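Trainee: So here's entry-v3.cif (mmCIF, C-alpha atoms).
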data_entry
#
loop_
_atom_site.label_atom_id
_atom_site.label_comp_id
_atom_site.auth_asym_id
_atom_site.auth_seq_id
_atom_site.Cartn_x
_atom_site.Cartn_y
_atom_site.Cartn_z
CA MET Y 4 11.15 -3.17 -5.39
CA ASP Y 5 7.52 -2.12 -5.61
CA ASP Y 6 5.94 -0.14 -2.74
CA LEU Y 7 9.02 -0.29 -0.49
CA ARG Y 8 9.16 2.46 2.11
CA PRO Y 9 12.50 3.23 3.81
CA GLU Y 10 11.53 1.31 6.92
CA LEU Y 11 14.72 -0.75 7.10
CA SER Y 12 17.39 -1.14 9.76
CA SER Y 13 19.95 0.51 7.50
CA PHE Y 14 17.65 3.54 7.29
CA GLY Y 15 17.19 3.88 11.02
CA ALA Y 16 14.17 1.66 11.64
CA SER Y 17 14.16 -1.60 13.56
CA GLN Y 18 10.85 -3.29 12.78
CA ILE Y 19 11.75 -5.06 9.53
CA LEU Y 20 14.40 -7.76 9.19
CA SER Y 21 16.35 -7.08 5.97
CA PRO Y 22 19.98 -8.16 6.54
CA ASN Y 23 20.93 -8.42 2.85
CA ILE Y 24 19.65 -4.97 1.92
CA ASP Y 25 21.33 -3.60 5.04
CA ASP Y 26 24.61 -5.24 4.04
CA LEU Y 27 24.38 -3.66 0.58
CA ALA Y 28 23.69 -0.29 2.21
CA ASN Y 29 26.78 -0.66 4.40
CA LYS Y 30 28.94 -1.37 1.34
CA GLY Y 31 27.62 1.53 -0.70
CA VAL Y 32 25.97 4.90 -0.22
CA LYS Y 33 22.42 5.05 1.08
CA PHE Y 34 20.27 8.11 0.46
CA THR Y 35 18.00 8.85 3.41
CA ASN Y 36 16.30 11.83 1.80
CA ALA Y 37 15.22 10.40 -1.55
CA TYR Y 38 11.78 10.88 -3.10
CA CYS Y 39 9.77 9.56 -6.00
CA ASN Y 40 8.31 12.07 -8.44
CA VAL Y 41 4.94 10.32 -8.76
CA PRO Y 42 3.57 8.05 -6.00
CA VAL Y 43 2.03 5.67 -8.55
CA CYS Y 44 3.91 2.64 -9.92
CA GLY Y 45 3.54 2.98 -13.70
CA ALA Y 46 3.99 6.73 -13.76
CA SER Y 47 6.91 6.67 -11.32
CA ARG Y 48 8.79 4.07 -13.34
CA ALA Y 49 8.18 6.01 -16.55
CA SER Y 50 9.54 9.16 -14.92
CA MET Y 51 12.61 7.43 -13.47
CA LEU Y 52 13.50 5.52 -16.65
CA THR Y 53 13.18 8.59 -18.87
CA GLY Y 54 14.70 11.00 -16.34
CA MET Y 55 11.72 13.27 -17.01
CA LEU Y 56 9.36 14.91 -14.53
CA PRO Y 57 5.60 14.37 -14.54
CA THR Y 58 3.42 17.18 -15.84
CA LYS Y 59 -0.25 18.05 -15.86
CA ASN Y 60 -0.68 15.73 -18.85
CA ARG Y 61 2.21 13.25 -18.57
CA PHE Y 62 2.92 10.30 -16.27
CA LEU Y 63 -0.43 10.38 -14.53
CA ASN Y 64 -1.20 6.93 -13.17
CA TYR Y 65 -0.41 3.22 -13.18
CA ASN Y 66 -1.37 2.65 -16.83
CA THR Y 67 1.23 5.07 -18.19
CA PHE Y 68 2.88 3.85 -21.39
CA VAL Y 69 6.28 5.45 -22.01
CA GLU Y 70 6.15 4.73 -25.72
CA LYS Y 71 2.86 6.62 -26.03
CA GLU Y 72 3.51 9.57 -23.71
CA THR Y 73 7.19 10.21 -24.46
CA PRO Y 74 7.83 8.39 -27.76
CA GLU Y 75 10.95 10.43 -28.59
CA ALA Y 76 12.65 9.85 -25.24
CA ILE Y 77 15.86 7.87 -25.04
CA THR Y 78 15.20 5.74 -21.98
CA LEU Y 79 17.81 4.56 -19.52
CA PRO Y 80 17.88 0.95 -20.79
CA GLN Y 81 17.84 2.21 -24.38
CA LEU Y 82 20.88 4.39 -23.66
CA PHE Y 83 22.80 1.37 -22.38
CA LYS Y 84 21.66 -0.80 -25.26
CA ASN Y 85 22.73 1.87 -27.76
CA ASN Y 86 26.16 1.84 -26.14
CA GLY Y 87 26.73 -1.89 -26.58
CA TYR Y 88 25.32 -3.23 -23.33
CA THR Y 89 23.21 -6.37 -23.15
CA THR Y 90 19.96 -5.19 -21.59
CA ILE Y 91 17.62 -7.63 -19.83
CA SER Y 92 14.28 -6.81 -18.24
CA ASN Y 93 13.40 -9.36 -15.57
CA GLY Y 94 10.16 -9.00 -13.65
CA LYS Y 95 8.38 -5.68 -13.28
CA ILE Y 96 10.54 -2.83 -14.61
CA TYR Y 97 8.21 -0.82 -16.81
CA HIS Y 98 4.71 -1.34 -15.46
CA HIS Y 99 3.59 -2.91 -18.72
CA LEU Y 100 5.25 -5.95 -20.19
CA ASP Y 101 4.79 -4.62 -23.73
CA ASP Y 102 5.98 -1.04 -23.14
CA ARG Y 103 9.22 -0.06 -24.92
CA GLU Y 104 10.08 -3.67 -25.72
CA THR Y 105 12.88 -2.61 -28.07
CA ASP Y 106 14.81 -1.12 -25.12
CA TRP Y 107 15.81 -4.65 -24.21
CA ASN Y 108 17.63 -7.58 -25.72
CA GLU Y 109 15.31 -9.73 -23.64
CA VAL Y 110 12.06 -9.19 -21.73
CA TRP Y 111 11.06 -11.85 -19.21
CA ARG Y 112 8.44 -12.33 -16.52
CA PRO Y 113 7.47 -15.61 -14.87
CA TYR Y 114 4.75 -17.48 -16.78
CA ALA Y 115 3.99 -14.53 -19.07
CA PHE Y 116 5.23 -16.21 -22.24
CA ASP Y 117 3.83 -19.64 -21.44
CA LYS Y 118 1.03 -20.98 -23.60
CA ASN Y 119 -2.35 -20.36 -22.00
CA ASP Y 120 -5.75 -21.89 -22.58
CA SER Y 121 -7.40 -18.49 -23.11
CA ASN Y 122 -5.22 -17.57 -26.08
CA LEU Y 123 -4.18 -14.36 -24.32
CA ALA Y 124 -1.20 -12.27 -25.36
CA PRO Y 125 1.69 -12.34 -22.83
CA THR Y 126 0.89 -8.95 -21.34
CA ASP Y 127 -2.80 -9.81 -20.89
CA TYR Y 128 -1.99 -13.24 -19.51
CA TRP Y 129 0.41 -11.66 -17.04
CA GLN Y 130 -2.31 -9.29 -15.83
CA SER Y 131 -4.48 -12.29 -15.05
CA ILE Y 132 -1.92 -14.23 -12.97
CA TRP Y 133 0.51 -11.82 -11.28
CA LYS Y 134 -1.15 -11.93 -7.83
CA ASP Y 135 0.15 -15.50 -7.71
CA TYR Y 136 -1.76 -17.08 -4.83
CA GLN Y 137 -0.53 -20.51 -3.74
CA SER Y 138 -3.12 -21.72 -1.24
CA PRO Y 139 -5.86 -23.77 -2.96
CA GLU Y 140 -8.75 -21.68 -1.63
CA ASN Y 141 -7.14 -18.42 -2.73
CA ARG Y 142 -6.37 -19.84 -6.17
CA ILE Y 143 -10.01 -20.84 -6.63
CA GLU Y 144 -11.22 -17.39 -5.56
CA TYR Y 145 -8.69 -15.59 -7.77
CA LYS Y 146 -9.60 -17.59 -10.84
CA ALA Y 147 -13.30 -17.02 -10.28
CA THR Y 148 -13.23 -13.33 -9.33
CA ASN Y 149 -9.82 -11.95 -10.40
CA THR Y 150 -9.31 -10.91 -6.81
CA GLY Y 151 -8.62 -12.55 -3.48
CA GLN Y 152 -7.30 -12.04 0.04
CA ALA Y 153 -4.96 -9.13 0.73
CA TYR Y 154 -2.29 -11.47 2.12
CA GLU Y 155 -1.23 -15.09 2.19
CA LYS Y 156 1.30 -17.23 4.09
CA ALA Y 157 1.79 -20.49 2.26
CA GLU Y 158 4.03 -23.40 3.27
CA VAL Y 159 6.17 -23.16 0.14
CA ASN Y 160 9.82 -22.74 -0.80
CA ASP Y 161 11.30 -19.39 -1.80
CA SER Y 162 11.28 -20.34 -5.47
CA ILE Y 163 7.54 -20.94 -5.73
CA TYR Y 164 6.18 -17.39 -5.76
CA ILE Y 165 6.75 -15.21 -8.82
CA ASP Y 166 9.53 -13.17 -7.20
CA GLY Y 167 11.37 -16.39 -6.37
CA LEU Y 168 11.12 -17.57 -9.97
CA MET Y 169 12.34 -14.20 -11.18
CA THR Y 170 15.32 -14.43 -8.82
CA GLU Y 171 16.30 -17.79 -10.29
CA LYS Y 172 16.18 -16.24 -13.76
CA VAL Y 173 18.45 -13.36 -12.66
CA ILE Y 174 20.92 -15.87 -11.22
CA ARG Y 175 20.91 -17.80 -14.51
CA ASP Y 176 21.56 -14.54 -16.33
CA ILE Y 177 24.54 -13.72 -14.10
CA LYS Y 178 26.07 -17.12 -14.81
CA LYS Y 179 25.60 -16.55 -18.52
CA LEU Y 180 26.72 -12.92 -18.61
CA LYS Y 181 29.96 -13.49 -16.71
CA ASN Y 182 31.30 -15.29 -19.78
CA SER Y 183 30.26 -12.53 -22.19
CA SER Y 184 32.64 -9.94 -23.56
CA LYS Y 185 29.86 -7.34 -23.49
CA PRO Y 186 28.89 -5.24 -20.47
CA PHE Y 187 25.35 -5.67 -19.21
CA PHE Y 188 22.39 -3.76 -17.80
CA LEU Y 189 20.58 -6.44 -15.81
CA THR Y 190 17.39 -5.80 -13.86
CA ALA Y 191 15.47 -7.60 -11.13
CA GLY Y 192 11.97 -6.18 -10.80
CA PHE Y 193 10.40 -7.51 -7.61
CA ILE Y 194 6.65 -7.23 -7.20
CA SER Y 195 6.91 -7.49 -3.42
CA PRO Y 196 6.02 -5.86 -1.15
CA HIS Y 197 3.11 -4.86 -3.41
CA LEU Y 198 -0.32 -6.22 -2.52
CA PRO Y 199 -1.26 -8.97 -2.04
CA PHE Y 200 1.24 -9.51 0.77
CA ASN Y 201 2.09 -13.08 -0.24
CA ALA Y 202 5.20 -14.72 1.19
CA PRO Y 203 6.33 -18.14 2.37
CA LYS Y 204 5.18 -18.79 5.93
CA LYS Y 205 8.72 -18.84 7.33
CA TYR Y 206 9.00 -15.09 6.67
CA TRP Y 207 5.79 -14.44 8.56
CA ASP Y 208 7.26 -16.53 11.38
CA LEU Y 209 10.21 -14.14 11.69
CA TYR Y 210 7.87 -11.72 13.46
CA ASP Y 211 6.01 -11.94 16.76
CA ARG Y 212 2.54 -10.72 15.89
CA ASN Y 213 2.13 -9.31 19.40
CA SER Y 214 5.09 -6.99 18.83
CA ILE Y 215 3.62 -5.40 15.68
CA LYS Y 216 2.10 -2.00 16.32
CA GLN Y 217 -0.24 0.27 14.42
CA PRO Y 218 1.13 3.75 13.74
CA ASP Y 219 0.62 6.43 16.38
CA ASN Y 220 -0.79 8.79 13.78
CA ASN Y 221 -3.70 6.67 12.60
CA HIS Y 222 -5.74 9.85 12.28
CA ILE Y 223 -6.22 12.60 9.73
CA PRO Y 224 -3.68 15.41 10.23
CA LYS Y 225 -4.93 18.53 11.97
CA ASN Y 226 -6.25 21.05 9.43
CA ALA Y 227 -5.55 18.69 6.52
CA PRO Y 228 -7.62 19.22 3.36
CA LYS Y 229 -10.15 16.42 2.84
CA MET Y 230 -8.91 15.89 -0.71
CA SER Y 231 -5.43 15.09 0.59
CA ILE Y 232 -6.64 11.86 2.24
CA SER Y 233 -6.90 8.73 0.12
CA ASN Y 234 -9.77 6.27 0.44
CA TRP Y 235 -7.26 3.54 -0.59
CA PRO Y 236 -9.29 1.90 -3.38
CA GLU Y 237 -6.36 -0.36 -4.32
CA MET Y 238 -6.56 -2.21 -1.04
CA ARG Y 239 -10.36 -2.16 -0.90
CA ALA Y 240 -10.37 -4.24 -4.10
CA TYR Y 241 -9.25 -7.28 -2.06
CA SER Y 242 -11.99 -9.54 -0.80
CA ASN Y 243 -11.21 -9.46 2.93
CA ILE Y 244 -11.01 -5.65 3.10
CA PRO Y 245 -14.12 -3.59 3.92
CA LYS Y 246 -15.43 -1.46 1.06
CA LYS Y 247 -16.06 1.47 3.40
CA GLY Y 248 -14.62 2.69 6.68
CA LYS Y 249 -11.56 1.57 8.58
CA VAL Y 250 -10.18 -1.93 8.91
CA SER Y 251 -10.37 -3.58 12.32
CA ASP Y 252 -7.34 -3.39 14.59
CA SER Y 253 -6.78 -7.12 14.16
CA LEU Y 254 -6.86 -6.89 10.37
CA ALA Y 255 -4.55 -3.88 10.47
CA ILE Y 256 -1.97 -5.93 12.38
CA ASP Y 257 -2.34 -8.76 9.86
CA LEU Y 258 -1.71 -6.36 6.98
CA ILE Y 259 1.33 -4.76 8.58
CA HIS Y 260 2.63 -8.23 9.44
CA GLY Y 261 2.16 -9.27 5.81
CA TYR Y 262 4.03 -6.21 4.56
CA TYR Y 263 6.96 -6.98 6.86
CA ALA Y 264 7.00 -10.62 5.76
CA THR Y 265 7.08 -9.77 2.05
CA VAL Y 266 9.96 -7.34 2.58
CA SER Y 267 11.94 -10.01 4.43
CA TYR Y 268 11.15 -12.53 1.71
CA THR Y 269 12.39 -10.18 -0.99
CA ASP Y 270 15.46 -9.38 1.10
CA ALA Y 271 16.34 -13.09 1.13
CA LEU Y 272 15.98 -13.22 -2.66
CA ILE Y 273 18.18 -10.15 -3.05
CA GLY Y 274 20.75 -11.91 -0.90
CA LYS Y 275 20.78 -14.83 -3.34
CA ILE Y 276 21.40 -12.49 -6.28
CA LEU Y 277 24.20 -10.62 -4.50
CA ASN Y 278 25.75 -13.93 -3.47
CA GLU Y 279 25.76 -15.11 -7.08
CA LEU Y 280 27.42 -11.85 -8.15
CA GLU Y 281 30.15 -12.55 -5.59
CA ILE Y 282 30.58 -16.21 -6.62
CA SER Y 283 30.93 -15.14 -10.25
CA GLY Y 284 33.46 -12.42 -9.38
CA LEU Y 285 31.23 -9.81 -10.98
CA ASP Y 286 30.79 -8.00 -7.67
CA LYS Y 287 34.19 -6.43 -8.34
CA ASN Y 288 33.06 -4.55 -11.43
CA THR Y 289 29.26 -4.34 -11.26
CA ILE Y 290 27.43 -1.25 -9.99
CA VAL Y 291 24.39 -2.27 -7.94
CA ILE Y 292 21.43 -0.02 -7.28
CA LEU Y 293 18.43 -0.80 -5.10
CA VAL Y 294 15.43 1.48 -5.38
CA SER Y 295 11.68 1.53 -4.88
CA ASP Y 296 9.16 3.18 -7.20
CA HIS Y 297 7.46 5.02 -4.30
CA GLY Y 298 6.65 4.76 -0.61
CA TYR Y 299 3.68 3.17 1.10
CA ASN Y 300 1.13 3.95 3.81
CA LEU Y 301 0.59 1.41 6.57
CA GLN Y 302 -2.40 3.16 8.20
CA GLU Y 303 -0.66 6.50 8.72
CA HIS Y 304 -3.36 9.18 8.56
CA THR Y 305 -5.95 6.35 8.18
CA GLN Y 306 -4.47 5.52 4.77
CA TRP Y 307 -3.23 2.32 3.12
CA ALA Y 308 -1.13 1.91 -0.05
CA LYS Y 309 0.19 4.97 -1.90
CA PHE Y 310 -1.51 7.57 -4.16
CA THR Y 311 -1.08 10.55 -1.82
CA ASN Y 312 1.21 13.57 -1.52
CA TYR Y 313 2.15 12.61 2.04
CA ASN Y 314 5.70 11.69 2.96
CA THR Y 315 4.83 8.04 3.59
CA SER Y 316 3.74 7.73 -0.06
CA THR Y 317 6.65 9.63 -1.55
CA GLN Y 318 9.85 8.86 0.35
CA VAL Y 319 11.86 5.90 -0.97
CA PRO Y 320 15.00 3.94 -0.08
CA LEU Y 321 17.86 4.41 -2.53
CA ILE Y 322 21.18 2.55 -2.33
CA ILE Y 323 24.05 2.80 -4.82
CA TYR Y 324 27.06 0.50 -4.57
CA ASN Y 325 29.98 1.29 -6.84
CA PRO Y 326 32.83 -1.24 -6.55
CA PHE Y 327 35.17 1.21 -8.30
CA SER Y 328 34.83 3.70 -5.44
CA GLU Y 329 35.88 3.49 -1.81
CA ASN Y 330 33.20 6.00 -0.89
CA LYS Y 331 30.47 4.56 1.28
CA GLY Y 332 28.19 5.81 4.00
CA THR Y 333 25.04 7.85 4.36
CA SER Y 334 23.86 10.85 2.38
CA ASN Y 335 21.10 13.16 3.58
CA ALA Y 336 21.21 15.05 0.29
CA LEU Y 337 17.76 15.79 -1.09
CA THR Y 338 17.37 13.61 -4.17
CA GLU Y 339 14.62 12.37 -6.49
CA LEU Y 340 14.19 9.35 -8.73
CA ILE Y 341 14.80 11.31 -11.94
CA ASP Y 342 18.40 11.59 -10.68
CA VAL Y 343 18.96 7.84 -11.12
CA TYR Y 344 19.26 8.08 -14.93
CA PRO Y 345 22.04 10.70 -15.13
CA THR Y 346 23.85 9.11 -12.18
CA LEU Y 347 24.16 5.68 -13.79
CA ALA Y 348 24.98 7.22 -17.15
CA GLU Y 349 27.82 9.29 -15.68
CA LEU Y 350 29.17 6.39 -13.61
CA CYS Y 351 29.40 4.34 -16.82
CA GLY Y 352 30.78 7.18 -18.95
CA LEU Y 353 27.78 7.44 -21.26
CA GLU Y 354 26.72 10.67 -22.92
CA PHE Y 355 23.34 11.99 -21.80
CA PRO Y 356 20.61 12.69 -24.35
CA LYS Y 357 20.35 16.45 -24.92
CA ASN Y 358 17.34 18.48 -23.80
CA GLN Y 359 15.63 15.55 -22.12
CA LEU Y 360 16.76 14.91 -18.56
CA ASP Y 361 15.22 16.82 -15.67
CA GLY Y 362 17.34 14.93 -13.14
CA LYS Y 363 20.83 15.73 -11.90
CA SER Y 364 23.66 13.24 -11.48
CA LEU Y 365 24.45 12.19 -7.92
CA VAL Y 366 28.09 11.32 -8.66
CA SER Y 367 29.34 14.38 -6.76
CA VAL Y 368 27.19 13.36 -3.78
CA LEU Y 369 28.55 9.80 -3.93
CA LYS Y 370 32.03 11.30 -3.63
CA ASN Y 371 31.05 13.67 -0.82
CA GLN Y 372 28.19 12.40 1.32
CA ASN Y 373 28.10 15.70 3.22
CA SER Y 374 26.87 17.43 0.10
CA LYS Y 375 23.55 19.20 0.62
CA GLY Y 376 22.08 18.04 -2.68
CA LYS Y 377 19.15 19.84 -4.25
CA ASN Y 378 17.26 22.74 -2.72
CA HIS Y 379 13.94 21.19 -3.66
CA VAL Y 380 12.30 18.30 -5.49
CA PHE Y 381 8.98 18.07 -7.34
CA ILE Y 382 6.25 15.49 -6.70
CA LYS Y 383 2.88 15.20 -8.41
CA LYS Y 384 -0.13 13.05 -7.63
CA GLY Y 385 -3.36 13.80 -9.49
CA ASN Y 386 -4.02 17.50 -9.03
CA GLY Y 387 -1.70 17.68 -6.02
CA PHE Y 388 1.65 19.37 -6.73
CA THR Y 389 4.28 19.12 -3.99
CA LEU Y 390 7.51 21.05 -3.49
CA LYS Y 391 9.73 19.21 -1.00
CA THR Y 392 12.70 20.98 0.58
CA ASN Y 393 14.97 19.79 3.35
CA ASP Y 394 12.78 21.51 5.91
CA PHE Y 395 9.28 21.57 4.46
CA SER Y 396 6.73 19.81 2.30
CA TYR Y 397 4.37 22.24 0.54
CA THR Y 398 1.46 21.00 -1.58
CA GLU Y 399 -1.11 22.80 -3.69
CA PHE Y 400 -4.21 21.15 -5.09
CA ILE Y 401 -4.82 22.86 -8.42
CA LYS Y 402 -7.88 22.91 -10.68
CA PRO Y 403 -6.99 21.33 -14.03
CA ASP Y 404 -9.24 23.65 -16.07
CA ASP Y 405 -7.92 27.08 -15.03
CA ASN Y 406 -4.86 26.18 -12.88
CA SER Y 407 -6.27 27.99 -9.86
CA THR Y 408 -5.40 26.73 -6.37
CA ILE Y 409 -8.19 24.92 -4.53
CA THR Y 410 -6.42 24.39 -1.21
CA SER Y 411 -2.93 23.78 0.14
CA MET Y 412 -0.95 22.25 2.97
CA LEU Y 413 2.45 22.77 4.57
CA TYR Y 414 4.26 20.41 6.91
CA ASP Y 415 7.32 21.48 8.87
CA HIS Y 416 9.64 18.48 8.63
CA ARG Y 417 12.04 19.99 11.13
CA VAL Y 418 9.55 19.24 13.92
CA ASP Y 419 6.84 17.19 12.21
CA LYS Y 420 8.27 14.66 9.74
CA ASP Y 421 5.19 12.52 10.37
CA GLU Y 422 3.08 15.36 8.98
CA ASN Y 423 0.45 15.51 11.70
CA ILE Y 424 -0.26 19.26 11.63
CA ASN Y 425 -0.92 21.30 8.50
CA VAL Y 426 0.54 24.72 9.31
CA VAL Y 427 -0.14 26.40 5.97
CA ASN Y 428 -2.45 29.01 7.52
CA GLN Y 429 -0.42 29.72 10.64
CA LYS Y 430 0.87 33.28 10.72
CA GLU Y 431 4.45 32.36 11.59
CA TYR Y 432 4.71 30.38 8.33
CA GLU Y 433 3.43 33.14 6.00
CA SER Y 434 6.86 33.92 4.56
CA VAL Y 435 7.67 30.22 4.10
CA VAL Y 436 4.42 29.65 2.20
CA SER Y 437 5.06 32.69 -0.01
CA GLU Y 438 8.59 31.52 -0.84
CA LEU Y 439 7.61 27.92 -1.59
CA LYS Y 440 4.58 28.97 -3.61
CA LEU Y 441 6.79 31.21 -5.74
CA ILE Y 442 9.32 28.43 -6.37
CA LEU Y 443 6.59 25.92 -7.22
CA HIS Y 444 4.97 28.23 -9.76
CA THR Y 445 8.20 29.41 -11.38
CA ALA Y 446 10.56 26.41 -11.37
CA TYR Y 447 7.70 24.04 -12.27
CA HIS Y 448 5.40 26.40 -14.17
CA LYS Y 449 5.36 24.24 -17.30
CA ASN Y 450 4.77 21.06 -15.34
CA ILE Y 451 1.72 22.58 -13.67
CA LYS Y 452 0.28 24.20 -16.80
CA GLY Y 453 0.98 21.16 -18.98
CA ASP Y 454 2.94 22.99 -21.67
CA TYR Y 455 4.96 19.84 -22.33
#
What's the structure tokens form of this structure?

Mentor:
Amino acid sequence: MDDLRPELSSFGASQILSPNIDDLANKGVKFTNAYCNVPVCGASRASMLTGMLPTKNRFLNYNTFVEKETPEAITLPQLFKNNGYTTISNGKIYHHLDDRETDWNEVWRPYAFDKNDSNLAPTDYWQSIWKDYQSPENRIEYKATNTGQAYEKAEVNDSIYIDGLMTEKVIRDIKKLKNSSKPFFLTAGFISPHLPFNAPKKYWDLYDRNSIKQPDNNHIPKNAPKMSISNWPEMRAYSNIPKKGKVSDSLAIDLIHGYYATVSYTDALIGKILNELEISGLDKNTIVILVSDHGYNLQEHTQWAKFTNYNTSTQVPLIIYNPFSENKGTSNALTELIDVYPTLAELCGLEFPKNQLDGKSLVSVLKNQNSKGKNHVFIKKGNGFTLKTNDFSYTEFIKPDDNSTITSMLYDHRVDKDENINVVNQKEYESVVSELKLILHTAYHKNIKGDY
């Protein structure tokens, strides 16, 4: 899923209704301390699917192309394809439709390969239609301006929006693949809950608008560097969002409501896929993983969307269900998305590519959920470099020309997981800052300098 934060019942929250994801979490192992390596969709997906960390010069933003930035990498789908698996890309997996096309036996997105009256290539046509408004007024605006409202609740069936069409394709694939003698690597890349928050009205109706609250920390953290706060240009590109300043309280509630509705809509679609797996009998020998490419801000610290080094942008839900294992439960082990590649490879008995993967397999953690996991993980957004440990999040903003530190921040997650007070300059944290700074500049020296 795109932009999904771990605000789900199975992860300890109660606001969002997601029974199918929660059921999957109960059957498998859910990771409550998992982080993306880049809080930007294209770059995060590139990092996860290559198992490689971002650097000063690699995996920078949404328009990352894996085939251009890491042309020699053996990607996760390529590894499975090379080992005899049928690989199918449905929906948004790589950010770009035409990135690493040879990794797959089939690449499919709704409408993308239809004939169009502008004679556009599939990837360009997709870019012009993916927001997928259904109400007549929004369709007119979108066609005329290439933008539109930040949310929509249309009286339509589940199958009408793009994610619904993609779900039907995945279900058709399951029916087809169950009769194949080959194993498969099958993906379902949901756009939701990415902007615009478009979902059938019945999913909006699941929520009482009067019960939806804005976050308590809708303010800039104390002592936070100005450069750490995003001006959320992604959301400001929508026509009903002000170009400057805050949104109104009423609009904020609408946006949060829309986010909740799109998550519940996608949850229903995931339920249909899991149900088809069960009907086909493939649930007994198919590993299922649910993951998001990064987190999302819903007005925390005045911010919307992602693109920051704050925890709301970087923490993700991660669920792994392995039908061959009786192990299930919750892991608080510190993990990162580059760990997905070696985990799936090891679970399927595939040999890793040498001298490529920065991630570490989670198979030992799946077997023992009390495992501590890693001591630290690495996150990069722009010139912000974050070292996340179990107790702290330490970020340095570094000049790209001479690699000198501009400013920094430290949040004590033992007492301030919401990151409301930057304690980097408090005397009692001097030794912590020194230790984390040393780790950041030694363990990730090459990533910061851009030597590879």

Trainee: Run through the PyMOL selection byres ((chain Y and resi 421) around 9) on the given coordinates and return the selected residues as JSON, numbers by chain.

Mentor: {"Y": [220, 303, 313, 314, 315, 414, 416, 418, 419, 420, 422, 423, 424]}

Trainee: Kindly indicate which residue among Y:Glu70, Y:Leu340, Y:Lys309, Y:Tyr128 lies nearest to Phe116 (chain Y), using all atoms listed in the file for the distances.

Mentor: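 Looking only at the distances to Phe116 (chain Y), the closest residue turns out to be Y:Tyr128.
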
Trainee: Around the point (24.6, 4.1, 1.7) in the file's coordinates, collect all residues with an atom within 6 Å, using all atoms listed in the file, and return them as number ranges by chain.

Mentor: Y: 28-29, 31-33, 322, 331-333

Trainee: With distances taken over all atoms listed in the file, which residue among Y:His99, Y:Pro245, Y:Val427, Y:Val366 lies nearest Gly352 (chain Y)?

Mentor: Y:Val366

Trainee: Which polymer residues, protein or nucleic acid, are no farther than 10 Å from (11.0, -18.2, 6.8), counting all atoms listed in the file, as a list of chain:residue names?

Mentor: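 Residues close enough to count: Y:Glu158, Y:Val159, Y:Asn160, Y:Asp161, Y:Ala202, Y:Pro203, Y:Lys204, Y:Lys205, Y:Tyr206, Y:Trp207, Y:Asp208, Y:Leu209, Y:Tyr210, Y:Ala264, Y:Ser267, Y:Tyr268, Y:Ala271.
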